[in-house]
Structure formats: structure tokens, C-alpha cells
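Student: Just one file: work09.cif, with mmCIF, C-alpha atoms.
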```cif
data_start
#
loop_
_atom_site.label_atom_id
_atom_site.label_comp_id
_atom_site.auth_asym_id
_atom_site.auth_seq_id
_atom_site.Cartn_x
_atom_site.Cartn_y
_atom_site.Cartn_z
CA MET E 1 73.23 47.49 -209.66
CA ILE E 2 74.75 50.75 -210.87
CA GLU E 3 78.05 50.53 -212.75
CA TYR E 4 80.37 53.36 -213.68
CA ILE E 5 83.86 53.66 -215.06
CA SER E 6 85.74 56.68 -213.80
CA HIS E 7 88.84 57.98 -215.54
CA SER E 8 89.89 60.49 -212.91
CA THR E 9 89.36 61.72 -209.37
CA LYS E 10 87.22 64.51 -210.83
CA GLU E 11 84.95 61.98 -212.53
CA THR E 12 84.65 59.90 -209.34
CA GLU E 13 83.57 63.04 -207.47
CA ALA E 14 81.08 64.00 -210.16
CA PHE E 15 79.61 60.47 -210.21
CA ALA E 16 79.22 60.50 -206.41
CA ALA E 17 77.56 63.91 -206.57
CA SER E 18 75.10 62.62 -209.17
CA LEU E 19 74.10 59.74 -206.86
CA ALA E 20 73.52 61.99 -203.84
CA PRO E 21 69.91 62.98 -204.70
CA ARG E 22 68.95 59.28 -204.72
CA LEU E 23 70.09 58.74 -201.13
CA HIS E 24 67.95 59.21 -198.03
CA ALA E 25 68.61 59.82 -194.33
CA GLY E 26 69.38 56.46 -192.72
CA ASP E 27 71.17 55.06 -195.78
CA ILE E 28 74.41 53.25 -195.10
CA LEU E 29 77.03 53.16 -197.85
CA ALA E 30 79.53 50.44 -197.09
CA CYS E 31 82.58 51.16 -199.17
CA ARG E 32 85.08 48.53 -200.29
CA GLY E 33 88.30 49.13 -202.14
CA GLY E 34 91.93 49.31 -201.18
CA MET E 35 94.14 52.30 -200.73
CA GLY E 36 94.31 55.06 -203.30
CA MET E 37 91.04 53.97 -204.89
CA GLY E 38 89.37 57.37 -204.47
CA LYS E 39 87.19 56.57 -201.48
CA THR E 40 87.67 60.02 -199.98
CA ALA E 41 87.12 61.64 -203.39
CA PHE E 42 83.81 59.79 -203.52
CA ALA E 43 82.91 61.18 -200.08
CA ARG E 44 83.77 64.70 -201.29
CA GLY E 45 81.44 64.23 -204.25
CA LEU E 46 78.66 62.93 -202.00
CA ALA E 47 78.94 65.89 -199.66
CA GLN E 48 78.89 68.27 -202.58
CA GLY E 49 75.88 66.51 -204.13
CA LEU E 50 74.04 66.72 -200.81
CA GLY E 51 74.68 70.45 -200.73
CA LEU E 52 76.93 70.26 -197.68
CA ARG E 53 79.34 73.14 -197.28
CA ASP E 54 81.78 71.36 -194.94
CA GLN E 55 85.39 70.58 -195.80
CA VAL E 56 85.73 66.84 -196.47
CA SER E 57 88.85 65.00 -195.39
CA SER E 58 89.84 61.43 -194.63
CA PRO E 59 88.84 60.34 -191.10
CA THR E 60 91.86 58.04 -190.79
CA PHE E 61 92.85 59.47 -187.43
CA ALA E 62 89.56 60.91 -186.19
CA LEU E 63 87.68 57.70 -187.20
CA ILE E 64 84.56 59.79 -187.83
CA GLN E 65 83.99 63.11 -189.57
CA GLU E 66 80.61 64.77 -189.37
CA TYR E 67 79.48 67.03 -192.19
CA THR E 68 76.38 68.84 -190.99
CA ASP E 69 76.37 72.20 -192.74
CA GLY E 70 73.38 71.46 -195.00
CA ASN E 71 70.03 69.67 -195.07
CA ILE E 72 71.02 66.00 -194.64
CA PRO E 73 74.11 65.28 -192.52
CA LEU E 74 76.80 62.96 -193.87
CA TYR E 75 78.76 60.83 -191.39
CA HIS E 76 82.10 59.71 -192.79
CA PHE E 77 83.75 56.73 -191.08
CA ASP E 78 87.10 55.06 -191.56
CA MET E 79 87.13 51.53 -190.10
CA TYR E 80 90.70 50.74 -191.14
CA ARG E 81 91.92 50.48 -187.55
CA ILE E 82 88.79 48.88 -186.09
CA SER E 83 89.34 45.23 -185.30
CA GLY E 84 86.50 44.19 -183.02
CA LEU E 85 83.01 44.85 -181.80
CA GLU E 86 84.24 46.48 -178.59
CA GLU E 87 86.32 48.99 -180.55
CA LEU E 88 83.46 49.64 -182.91
CA TYR E 89 81.13 50.32 -179.96
CA SER E 90 83.53 52.86 -178.50
CA THR E 91 83.59 54.86 -181.74
CA GLY E 92 79.88 55.53 -181.16
CA PHE E 93 79.10 53.90 -184.52
CA PHE E 94 75.90 52.26 -183.27
CA ASP E 95 74.57 55.64 -182.11
CA TYR E 96 74.63 56.88 -185.71
CA LEU E 97 72.44 54.06 -187.06
CA ASP E 98 68.74 54.83 -187.62
CA GLY E 99 69.71 58.45 -187.36
CA ASP E 100 69.10 61.61 -189.26
CA GLY E 101 71.92 61.31 -191.76
CA ILE E 102 73.68 59.22 -194.38
CA LEU E 103 76.57 56.99 -193.29
CA TYR E 104 79.54 56.56 -195.61
CA ILE E 105 81.93 53.91 -194.33
CA GLU E 106 85.44 53.38 -195.66
CA TRP E 107 87.01 49.96 -194.96
CA SER E 108 83.55 48.57 -194.24
CA GLU E 109 84.94 45.06 -194.77
CA ASN E 110 86.37 45.39 -191.24
CA ILE E 111 82.90 45.65 -189.71
CA GLN E 112 81.02 43.45 -192.19
CA ASP E 113 79.16 41.48 -189.49
CA ALA E 114 78.01 44.64 -187.73
CA LEU E 115 76.46 46.24 -190.82
CA PRO E 116 72.65 46.33 -190.87
CA TRP E 117 71.25 43.92 -193.47
CA ASP E 118 69.83 46.69 -195.67
CA HIS E 119 73.10 48.56 -196.27
CA LEU E 120 74.28 49.60 -199.73
CA THR E 121 77.56 48.24 -201.02
CA LEU E 122 79.93 50.50 -202.91
CA ASN E 123 82.82 48.77 -204.63
CA ILE E 124 85.73 50.63 -206.17
CA GLN E 125 88.20 48.58 -208.22
CA ARG E 126 91.34 49.63 -209.97
CA ILE E 127 91.45 49.29 -213.76
CA ASP E 128 94.69 51.21 -214.30
CA GLU E 129 96.58 54.13 -212.74
CA ASP E 130 93.71 56.61 -213.21
CA SER E 131 90.66 54.48 -214.03
CA ARG E 132 88.28 52.84 -211.57
CA TYR E 133 85.37 50.44 -211.95
CA ILE E 134 82.68 51.56 -209.48
CA THR E 135 79.54 49.62 -208.56
CA LEU E 136 76.72 50.39 -206.15
CA GLU E 137 74.15 47.82 -205.14
CA GLY E 138 71.74 46.83 -202.40
CA GLY E 139 68.75 48.18 -200.50
CA GLY E 140 66.37 47.04 -203.26
CA ARG E 141 66.98 50.39 -204.97
CA PHE E 142 70.26 49.83 -206.74
CA MET W 143 63.95 65.59 -150.67
CA LYS W 144 63.90 66.97 -154.20
CA LEU W 145 65.51 64.65 -156.74
CA LEU W 146 66.29 65.42 -160.37
CA ALA W 147 66.60 62.28 -162.52
CA VAL W 148 68.18 62.33 -165.98
CA ASP W 149 68.37 59.58 -168.59
CA THR W 150 69.96 59.63 -172.05
CA SER W 151 71.28 56.06 -172.00
CA SER W 152 69.34 54.70 -174.96
CA ILE W 153 67.24 55.90 -177.86
CA THR W 154 64.95 58.00 -175.64
CA ALA W 155 65.79 60.96 -173.41
CA SER W 156 63.95 62.09 -170.32
CA CYS W 157 64.22 64.00 -167.08
CA ALA W 158 61.96 64.01 -164.05
CA LEU W 159 61.63 65.96 -160.84
CA LEU W 160 60.49 64.08 -157.74
CA GLU W 161 59.79 65.29 -154.25
CA ASP W 162 60.02 62.15 -152.17
CA LYS W 163 57.48 59.82 -153.75
CA LYS W 164 55.60 62.60 -155.50
CA LEU W 165 56.33 63.13 -159.19
CA LEU W 166 56.35 66.90 -159.74
CA GLY W 167 57.08 66.81 -163.47
CA GLU W 168 58.61 64.80 -166.28
CA PHE W 169 59.87 65.51 -169.79
CA PHE W 170 60.22 62.59 -172.22
CA SER W 171 61.14 62.45 -175.89
CA ASN W 172 61.60 59.60 -178.33
CA VAL W 173 62.49 61.26 -181.61
CA LYS W 174 66.11 60.19 -182.25
CA LEU W 175 67.39 63.71 -181.77
CA THR W 176 70.89 64.14 -180.45
CA HIS W 177 70.65 63.90 -176.67
CA SER W 178 73.52 66.34 -176.19
CA GLN W 179 71.40 69.01 -177.85
CA THR W 180 68.10 68.23 -176.10
CA ILE W 181 68.74 67.14 -172.51
CA MET W 182 69.77 70.47 -170.99
CA PRO W 183 66.90 72.44 -172.57
CA MET W 184 64.59 69.67 -171.28
CA VAL W 185 65.94 70.03 -167.74
CA GLU W 186 65.71 73.81 -167.94
CA SER W 187 62.13 73.65 -169.19
CA LEU W 188 61.12 71.09 -166.55
CA LEU W 189 62.49 73.25 -163.73
CA LYS W 190 60.84 76.35 -165.17
CA GLN W 191 57.43 74.69 -165.54
CA THR W 192 57.54 73.23 -162.02
CA ARG W 193 58.79 76.55 -160.54
CA VAL W 194 61.74 74.84 -158.91
CA SER W 195 65.22 76.32 -159.09
CA LEU W 196 68.26 74.14 -159.68
CA GLU W 197 69.64 75.19 -156.27
CA GLU W 198 66.64 73.51 -154.58
CA ILE W 199 67.64 70.07 -155.91
CA ASP W 200 68.94 67.89 -153.06
CA ALA W 201 70.24 64.96 -155.12
CA PHE W 202 70.69 63.85 -158.71
CA ALA W 203 69.97 60.47 -160.29
CA VAL W 204 71.31 59.16 -163.59
CA THR W 205 71.40 55.88 -165.48
CA GLY W 206 74.93 54.49 -165.34
CA GLY W 207 74.77 51.84 -168.06
CA PRO W 208 74.62 49.65 -169.97
CA GLY W 209 73.47 51.53 -173.05
CA SER W 210 74.58 53.72 -175.93
CA PHE W 211 78.26 54.69 -175.77
CA THR W 212 77.70 58.40 -176.34
CA GLY W 213 74.29 58.47 -174.66
CA LEU W 214 75.69 57.32 -171.32
CA ARG W 215 78.45 59.91 -171.42
CA ILE W 216 75.98 62.68 -172.19
CA GLY W 217 73.71 61.91 -169.21
CA LEU W 218 76.56 61.31 -166.79
CA ALA W 219 78.42 64.44 -167.87
CA ALA W 220 75.29 66.58 -167.57
CA VAL W 221 74.54 65.32 -164.06
CA LYS W 222 78.18 65.49 -163.02
CA GLY W 223 78.34 69.13 -164.08
CA MET W 224 75.23 70.16 -162.16
CA ALA W 225 75.92 68.10 -159.05
CA TRP W 226 79.56 69.17 -158.88
CA ALA W 227 78.68 72.86 -159.03
CA LEU W 228 76.02 72.49 -156.34
CA GLU W 229 77.96 69.93 -154.27
CA ARG W 230 75.07 67.47 -154.17
CA PRO W 231 75.12 63.67 -153.85
CA CYS W 232 74.37 61.48 -156.88
CA ILE W 233 72.77 58.11 -157.36
CA THR W 234 73.59 55.95 -160.38
CA VAL W 235 71.15 53.22 -161.24
CA SER W 236 71.64 50.39 -163.72
CA THR W 237 69.80 51.30 -166.90
CA LEU W 238 68.13 47.89 -166.79
CA GLU W 239 67.02 48.21 -163.17
CA ALA W 240 65.61 51.68 -163.89
CA LEU W 241 63.60 50.12 -166.72
CA ALA W 242 62.29 47.41 -164.39
CA TYR W 243 60.93 50.19 -162.15
CA ASN W 244 58.43 51.03 -164.92
CA LEU W 245 56.41 48.08 -163.54
CA TYR W 246 56.76 49.05 -159.86
CA GLY W 247 53.94 47.56 -157.84
CA ILE W 248 52.72 45.16 -160.53
CA ASP W 249 53.27 41.50 -159.66
CA CYS W 250 55.23 40.15 -162.64
CA VAL W 251 58.58 39.13 -164.05
CA VAL W 252 60.21 41.86 -166.11
CA ALA W 253 63.00 41.50 -168.68
CA PRO W 254 64.48 44.88 -169.62
CA VAL W 255 66.16 44.71 -173.04
CA LEU W 256 68.30 47.29 -174.79
CA ASP W 257 69.26 46.72 -178.41
CA ALA W 258 73.06 46.23 -178.46
CA ARG W 259 72.93 45.60 -182.24
CA CYS W 260 74.25 42.59 -184.11
CA SER W 261 71.48 40.35 -182.66
CA GLN W 262 72.64 41.08 -179.12
CA VAL W 263 70.89 42.68 -176.19
CA TYR W 264 71.78 44.16 -172.83
CA THR W 265 69.42 42.48 -170.44
CA ALA W 266 68.70 41.38 -166.87
CA LEU W 267 65.71 39.84 -165.12
CA PHE W 268 63.64 41.04 -162.15
CA ARG W 269 60.55 39.94 -160.25
CA TRP W 270 58.09 42.34 -158.67
CA GLU W 271 56.01 41.21 -155.69
CA GLY W 272 54.06 44.13 -154.33
CA GLU W 273 56.65 46.82 -153.62
CA ARG W 274 59.51 44.36 -153.43
CA ILE W 275 61.87 43.87 -156.36
CA THR W 276 64.11 40.81 -156.64
CA ARG W 277 66.91 40.59 -159.14
CA LEU W 278 66.91 37.20 -160.88
CA GLU W 279 69.73 37.81 -163.38
CA GLU W 280 72.71 40.20 -163.41
CA ASP W 281 73.13 42.87 -166.09
CA ASP W 282 74.65 41.15 -169.08
CA ALA W 283 75.18 41.40 -172.83
CA ILE W 284 73.88 38.25 -174.47
CA SER W 285 72.72 37.06 -177.89
CA LEU W 286 69.04 36.91 -178.83
CA GLN W 287 69.39 33.13 -178.88
CA ASN W 288 70.56 33.08 -175.26
CA LEU W 289 67.77 35.45 -174.29
CA LYS W 290 65.30 33.03 -175.81
CA ASN W 291 66.71 30.13 -173.79
CA ARG W 292 66.61 32.24 -170.63
CA LEU W 293 63.03 33.47 -171.03
CA LYS W 294 61.61 30.13 -172.16
CA ASN W 295 62.06 28.74 -168.66
CA VAL W 296 60.62 31.67 -166.75
CA GLU W 297 57.31 31.57 -164.97
CA LYS W 298 54.75 33.39 -167.06
CA PRO W 299 54.05 36.09 -168.07
CA VAL W 300 57.26 38.02 -168.75
CA PHE W 301 57.03 41.72 -169.58
CA LEU W 302 59.61 43.13 -172.00
CA VAL W 303 60.60 46.78 -171.53
CA GLY W 304 63.28 48.99 -173.07
CA ASP W 305 64.29 50.11 -176.55
CA GLY W 306 64.81 46.48 -177.60
CA ALA W 307 61.46 45.25 -176.28
CA GLU W 308 59.55 45.38 -179.52
CA MET W 309 62.43 43.84 -181.50
CA CYS W 310 62.73 40.98 -179.00
CA TYR W 311 58.97 40.51 -178.86
CA ASN W 312 58.74 40.24 -182.65
CA ASN W 313 61.64 37.79 -182.74
CA LEU W 314 60.60 35.58 -179.84
CA CYS W 315 56.81 35.75 -179.34
CA GLN W 316 56.17 32.76 -181.60
CA GLU W 317 58.34 30.48 -179.51
CA ILE W 318 57.63 32.10 -176.14
CA PRO W 319 53.88 32.73 -175.99
CA HIS W 320 54.04 34.07 -172.42
CA LEU W 321 55.98 37.19 -173.51
CA ARG W 322 54.11 40.48 -173.05
CA LEU W 323 54.63 44.07 -174.18
CA PRO W 324 53.28 46.72 -171.79
CA SER W 325 51.58 49.93 -172.93
CA PRO W 326 53.60 52.74 -174.57
CA ALA W 327 53.44 54.53 -171.21
CA LEU W 328 55.52 51.75 -169.62
CA ILE W 329 57.73 50.37 -172.35
CA TRP W 330 60.43 53.07 -172.62
CA LEU W 331 62.86 54.21 -169.97
CA ARG W 332 61.25 56.95 -167.91
CA SER W 333 63.19 59.19 -165.59
CA SER W 334 60.26 59.02 -163.16
CA ALA W 335 60.98 55.28 -162.82
CA LEU W 336 64.73 55.96 -162.57
CA GLY W 337 63.90 58.44 -159.80
CA ALA W 338 61.86 55.86 -157.92
CA ALA W 339 64.74 53.39 -158.08
CA ALA W 340 67.20 56.09 -157.00
CA LEU W 341 65.07 57.04 -153.99
CA SER W 342 65.22 53.49 -152.68
CA TYR W 343 69.03 53.57 -152.99
CA ALA W 344 69.17 56.97 -151.31
CA ALA W 345 66.99 55.64 -148.46
CA ASP W 346 69.68 53.00 -147.88
CA GLY W 347 72.35 55.70 -147.98
CA ILE W 348 73.80 54.48 -151.27
CA THR W 349 74.98 57.65 -152.98
CA VAL W 350 78.20 58.72 -154.70
CA SER W 351 79.97 62.03 -155.06
CA PRO W 352 79.81 63.75 -158.47
CA ALA W 353 83.49 62.89 -158.97
CA GLN W 354 82.71 59.18 -158.65
CA LEU W 355 80.15 59.17 -161.47
CA ALA W 356 81.35 56.94 -164.33
CA PRO W 357 79.70 54.91 -167.05
CA CYS W 358 79.40 51.16 -166.58
CA TYR W 359 79.80 49.59 -169.99
CA LEU W 360 79.27 45.88 -170.48
CA ARG W 361 81.50 43.81 -172.69
CA LEU W 362 79.79 42.51 -175.79
CA PRO W 363 79.95 38.74 -176.32
CA GLN W 364 82.47 39.11 -179.06
CA ALA W 365 84.09 35.71 -178.90
CA GLN W 366 81.80 34.04 -181.38
CA ARG W 367 82.26 36.67 -184.01
CA GLU W 368 85.34 37.88 -185.80
CA LEU W 369 84.71 41.24 -187.37
CA LEU W 370 87.99 41.44 -189.16
CA ALA W 371 87.93 40.08 -192.66
CA LYS W 372 91.69 39.96 -192.79
CA LYS W 373 91.85 38.50 -196.24
CA ASN W 374 90.47 41.74 -197.64
CA LYS W 375 92.91 43.88 -195.79
CA GLY W 376 96.07 45.29 -197.31
CA VAL W 377 99.31 43.95 -195.89
CA LYS W 378 100.90 47.38 -195.71
CA GLU W 379 100.28 49.59 -192.73
CA LYS W 380 98.61 52.83 -193.58
#
```
Kindly return the structure encoded in the file as C-alpha cells.
Tutor:
Amino acid sequence: MIEYISHSTKETEAFAASLAPRLHAGDILACRGGMGMGKTAFARGLAQGLGLRDQVSSPTFALIQEYTDGNIPLYHFDMYRISGLEELYSTGFFDYLDGDGILYIEWSENIQDALPWDHLTLNIQRIDEDSRYITLEGGGRF
Amino acid sequence: MKLLAVDTSSITASCALLEDKKLLGEFFSNVKLTHSQTIMPMVESLLKQTRVSLEEIDAFAVTGGPGSFTGLRIGLAAVKGMAWALERPCITVSTLEALAYNLYGIDCVVAPVLDARCSQVYTALFRWEGERITRLEEDDAISLQNLKNRLKNVEKPVFLVGDGAEMCYNNLCQEIPHLRLPSPALIWLRSSALGAAALSYAADGITVSPAQLAPCYLRLPQAQRELLAKKNKGVKEK
């Protein structure tokens, strides 16, 4: 398990960017953590670390953002409003599995039973207003 | 009659050109590339290599579901676009029935299986006797456990085909020794087989207009699972 304490959004981004080289196509990062935890900041760091030139933003309304302007695509999901398998199917989520990119899933707790067994779990917990306790585990690598 | 068959319903993509029962050409790929980027160049290349122009196509065939959410829409949209412009009739075939046509002419029971994820499959059951196909089970989304119960009681052997065939075989072959996997030439969905199925529909006059083309999704057996871990969810609306 990897542990990190971030003291700012900037640090969360930098930490995510430093993890990026250790991720491969097909990896699934299931993110847990409530609102305002820096989940989208983490995604921005990942994209930057992967060398993607796309603009990163929260997929709250689009459900999925694709960042493809680089070598390994990053697929950014927000499952906040997904409440069943049928809804999940109609986002096209299953078509992204076993694919050519890395999946980063916010609110993954909403689709826990549909996550492949070998996913990675990213937990972001609040310590205080600016600080976060971040852990990454799973996949036999972390 | 020249028929162009297109399939992007599951993990593979293919297109085939048939003239009556003669297969003029086929293009198949199984490399997880995005179907929306590959299917039209495949069709274009197939027509070019067979020296047939799109205007010569008399009818179009496409898999109508079940299958991948985006995959089905890609195939149906591609065929709808071509058929609409040329004002040609279309034939939709169940993805599972098209898969069963891989074993056309071989006396056997065939269970097409598509991986619906979460230990579930889209499946049906057919029996081939000579050139006659009999449907034994309707298209359905069921759990692996239910598939096991279904196939245990079938006369042997049962051939598994489709993108879930290997997964099902690995999961069930211990308990169901009469399961069989066919050769790589027969295991994946082939548009040549889709075309053969479509021709038998066309012979019975079962065609639709391009406007009527629509995907046929199957409901997943969701009842037994609750995806929402409500306790983890914030009370406030976002």
C-alpha cells in the first residue's frame, strides 16, 4: 500500500503525477472519498503525469471524460448519479474495460460490485481543511 | 442478391460481402480497437478488394443485440446510414443467433455466450440438424450459475461460441464435461455467419426499412444485486 499526506491541491496533483509512470493500460483506479476531497485534482495530476495535453474537468454531468491527446488514454468517470447495473451499462462503462487506456473512477463505491476483481483502490480522506490522507492499494503492485 | 453484413456488437468487428450463398469476401478483426474508427475503413477496403461498389449492394444485414452498448449503436448507425442513402432493405439478426450460424450444417447443440460482465452472460440455445436450426432458448441475460444449470441438462456435446465462450468454458468445463470449444475460425462472431442467417430471413421476406433499425438491449438480471452502497454516499445532493 502507498500512503501519502497532501497539504494542498497542488501536492495532490504532484503526487498523482508521480504515480502515473507506474500505471499501465487496462488499470482501473477506483476512487473513494467524499466531496471536496480533491478527486478531480488527482485526475488532473494523473493526466499531466501521463503526458496528456487535454483539459481535465469533472465529469459530473457528462459522466465520462476521455483524455486521449497523448500516448496512453485516460478515461475519467463520475459514478455519483449511477444507481444500478442498467444505468451503468448505458454509460458504456463495460466497453472501456480491457481497453487501451487507464480508467479513473470517482464515486466508485456506487459501482463496487461491477468493478473487476483486480482494480486498484484509491482512498482520499480529510485530515483538516487543506490536508488529505491518500492511500493506493491493490493489483498486487501497490 | 448482394448482401453486405456488418457486426460490431461485441469485442470483435467484421464485415462480409455475400452474393446469395457465395461468400465474396470478409474482413475480421479482434484487437480491441474502437469499432467506430475501424468498421467503415473495413467496409471500404472489403468493397475495394472485391471490386464491388456500394451501389451494387441489394440489402444490408446487421446484428441487433444483445451486446456492447456502444458497439451495437456503431454497427446499427453505420448500416442505417448506408441503407438509408441507397434506399435498401435491412435485416437485423439477434447477435446470439448470428453466432449460432457459425456452426451451420454441423449437427450439434450450440450455446452462444457474450460476456455481460459481473458474472453474467447474454445467451440462448440452438440445435442444428443438417441445415435446420431450432431455437431451444430465447435470448436472455442470465448469471453464470443459471447457465451452468441450463447446460448441465442438455444432450451432449454443447458447443460454446461468442466472446464469452472461453470464459464460460474455463468456469464450467469441470462440472459440465460435455462442453466444447470450436476452433478459432468458428468461435467469434463472423459477419459471414450473420450474412447466412440474414439470407434465410430475407428468403422469408423478413426485412425492415433503414428507419426501423434499432438496438435490442436485454435487461440485466439486476434484482439480486444492489450496486448502490448508500451508506458511503453523502446525504447532500451534489
Student: I'd like to see the residues matched by the PyMOL selection byres ((chain E and resi 90) around 12) on this file, and ideally I'd get them as a list in words.
Tutor: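 Applying the PyMOL selection byres ((chain E and resi 90) around 12) to the structure shown produces Leu63, Ile64, Ile82, Ser83, Gly84, Leu85, Glu86, Glu87, Leu88, Tyr89, Thr91, Gly92, Phe93, Phe94 and Asp95 of chain E; Gly209, Ser210, Phe211, Thr212, Gly213, Leu214, Arg215, Tyr359, Leu360, Arg361 and Leu362 of chain W.
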Student: Name the residues that the PyMOL selection byres ((chain E and resi 43-56) around 6) picks from the file above, as a PDB file with C-alpha atoms, in the frame of the given file, using the file's chain letters and numbers.
Tutor:
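What ended up in result-v3.pdb:
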```pdb
ATOM      1  CA  GLU E  13      83.570  63.040-207.470  1.00  0.00           C
ATOM      2  CA  ALA E  14      81.080  64.000-210.160  1.00  0.00           C
ATOM      3  CA  ALA E  16      79.220  60.500-206.410  1.00  0.00           C
ATOM      4  CA  ALA E  17      77.560  63.910-206.570  1.00  0.00           C
ATOM      5  CA  ALA E  20      73.520  61.990-203.840  1.00  0.00           C
ATOM      6  CA  THR E  40      87.670  60.020-199.980  1.00  0.00           C
ATOM      7  CA  ALA E  41      87.120  61.640-203.390  1.00  0.00           C
ATOM      8  CA  PHE E  42      83.810  59.790-203.520  1.00  0.00           C
ATOM      9  CA  SER E  57      88.850  65.000-195.390  1.00  0.00           C
ATOM     10  CA  TYR E  67      79.480  67.030-192.190  1.00  0.00           C
ATOM     11  CA  ASP E  69      76.370  72.200-192.740  1.00  0.00           C
ATOM     12  CA  GLY E  70      73.380  71.460-195.000  1.00  0.00           C
TER      13      GLY E  70
END
```
Student: Report, in Å to a single decimal, how far apart atom CA of Met143 of chain W and atom CA of Glu273 of chain W are.
Tutor: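 Computing it gives 20.4 Å between the two atoms.
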Student: Using atom CA of Gly247 of chain W and atom CA of Arg269 of chain W as the two end points, give the distance in Å to one decimal.
Tutor: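 According to the coordinates, atom CA of Gly247 of chain W and atom CA of Arg269 of chain W are separated by 10.4 Å.
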Student: Skipping near chain neighbours, those fewer than 2 positions away, what residues fall within 12 Å of segment 127-129 of chain E using all atoms listed in the file, listed as a list in words?
Tutor: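 Result of the neighbour search: Tyr4, Ile5, Ser6, His7, Ser8, Thr9, Gly36, Met37, Gly38, Ile124, Gln125, Ser131, Arg132, Tyr133 and Ile134 of chain E.
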Student: Decode the PyMOL selection byres ((chain E and resi 97) around 10) for the given file into explicit residues and return them as a list in words.
Tutor: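 Answer for the PyMOL selection byres ((chain E and resi 97) around 10): Gly26, Asp27, Ile28, Gly92, Phe93, Phe94, Asp95, Tyr96, Asp98, Gly99, Asp100, Gly101, Ile102, Leu103, Leu115 and Pro116 of chain E; Arg259 of chain W.
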Student: Please list as a PyMOL selection string every residue within 10 Å of segment 167-176 of chain W, counting all atoms listed in the file and excluding residues in the same chain fewer than 3 positions away.
Tutor: (chain E and resi 95-96+98-100) or (chain W and resi 146-150+152-161+164+179-181+184-185+187-189+191-192+212-213+216+330-334)
Student: Using C-alpha atoms, can you export the residues from the last selection as a PDB file, in the coordinates of the input?
Tutor:
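part28.pdb was written with the following content:
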```pdb
ATOM      1  CA  ASP E  95      74.570  55.640-182.110  1.00  0.00           C
ATOM      2  CA  TYR E  96      74.630  56.880-185.710  1.00  0.00           C
ATOM      3  CA  ASP E  98      68.740  54.830-187.620  1.00  0.00           C
ATOM      4  CA  GLY E  99      69.710  58.450-187.360  1.00  0.00           C
ATOM      5  CA  ASP E 100      69.100  61.610-189.260  1.00  0.00           C
TER       6      ASP E 100
ATOM      7  CA  LEU W 146      66.290  65.420-160.370  1.00  0.00           C
ATOM      8  CA  ALA W 147      66.600  62.280-162.520  1.00  0.00           C
ATOM      9  CA  VAL W 148      68.180  62.330-165.980  1.00  0.00           C
ATOM     10  CA  ASP W 149      68.370  59.580-168.590  1.00  0.00           C
ATOM     11  CA  THR W 150      69.960  59.630-172.050  1.00  0.00           C
ATOM     12  CA  SER W 152      69.340  54.700-174.960  1.00  0.00           C
ATOM     13  CA  ILE W 153      67.240  55.900-177.860  1.00  0.00           C
ATOM     14  CA  THR W 154      64.950  58.000-175.640  1.00  0.00           C
ATOM     15  CA  ALA W 155      65.790  60.960-173.410  1.00  0.00           C
ATOM     16  CA  SER W 156      63.950  62.090-170.320  1.00  0.00           C
ATOM     17  CA  CYS W 157      64.220  64.000-167.080  1.00  0.00           C
ATOM     18  CA  ALA W 158      61.960  64.010-164.050  1.00  0.00           C
ATOM     19  CA  LEU W 159      61.630  65.960-160.840  1.00  0.00           C
ATOM     20  CA  LEU W 160      60.490  64.080-157.740  1.00  0.00           C
ATOM     21  CA  GLU W 161      59.790  65.290-154.250  1.00  0.00           C
ATOM     22  CA  LYS W 164      55.600  62.600-155.500  1.00  0.00           C
ATOM     23  CA  GLN W 179      71.400  69.010-177.850  1.00  0.00           C
ATOM     24  CA  THR W 180      68.100  68.230-176.100  1.00  0.00           C
ATOM     25  CA  ILE W 181      68.740  67.140-172.510  1.00  0.00           C
ATOM     26  CA  MET W 184      64.590  69.670-171.280  1.00  0.00           C
ATOM     27  CA  VAL W 185      65.940  70.030-167.740  1.00  0.00           C
ATOM     28  CA  SER W 187      62.130  73.650-169.190  1.00  0.00           C
ATOM     29  CA  LEU W 188      61.120  71.090-166.550  1.00  0.00           C
ATOM     30  CA  LEU W 189      62.490  73.250-163.730  1.00  0.00           C
ATOM     31  CA  GLN W 191      57.430  74.690-165.540  1.00  0.00           C
ATOM     32  CA  THR W 192      57.540  73.230-162.020  1.00  0.00           C
ATOM     33  CA  THR W 212      77.700  58.400-176.340  1.00  0.00           C
ATOM     34  CA  GLY W 213      74.290  58.470-174.660  1.00  0.00           C
ATOM     35  CA  ILE W 216      75.980  62.680-172.190  1.00  0.00           C
ATOM     36  CA  TRP W 330      60.430  53.070-172.620  1.00  0.00           C
ATOM     37  CA  LEU W 331      62.860  54.210-169.970  1.00  0.00           C
ATOM     38  CA  ARG W 332      61.250  56.950-167.910  1.00  0.00           C
ATOM     39  CA  SER W 333      63.190  59.190-165.590  1.00  0.00           C
ATOM     40  CA  SER W 334      60.260  59.020-163.160  1.00  0.00           C
TER      41      SER W 334
END
```
Student: If I take atom CA of Cys358 of chain W and atom CA of Gly207 of chain W, how far is one from the other in Å, to one decimal?
Tutor: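 Answer for the atom CA of Cys358 of chain W to atom CA of Gly207 of chain W separation: 4.9 Å.
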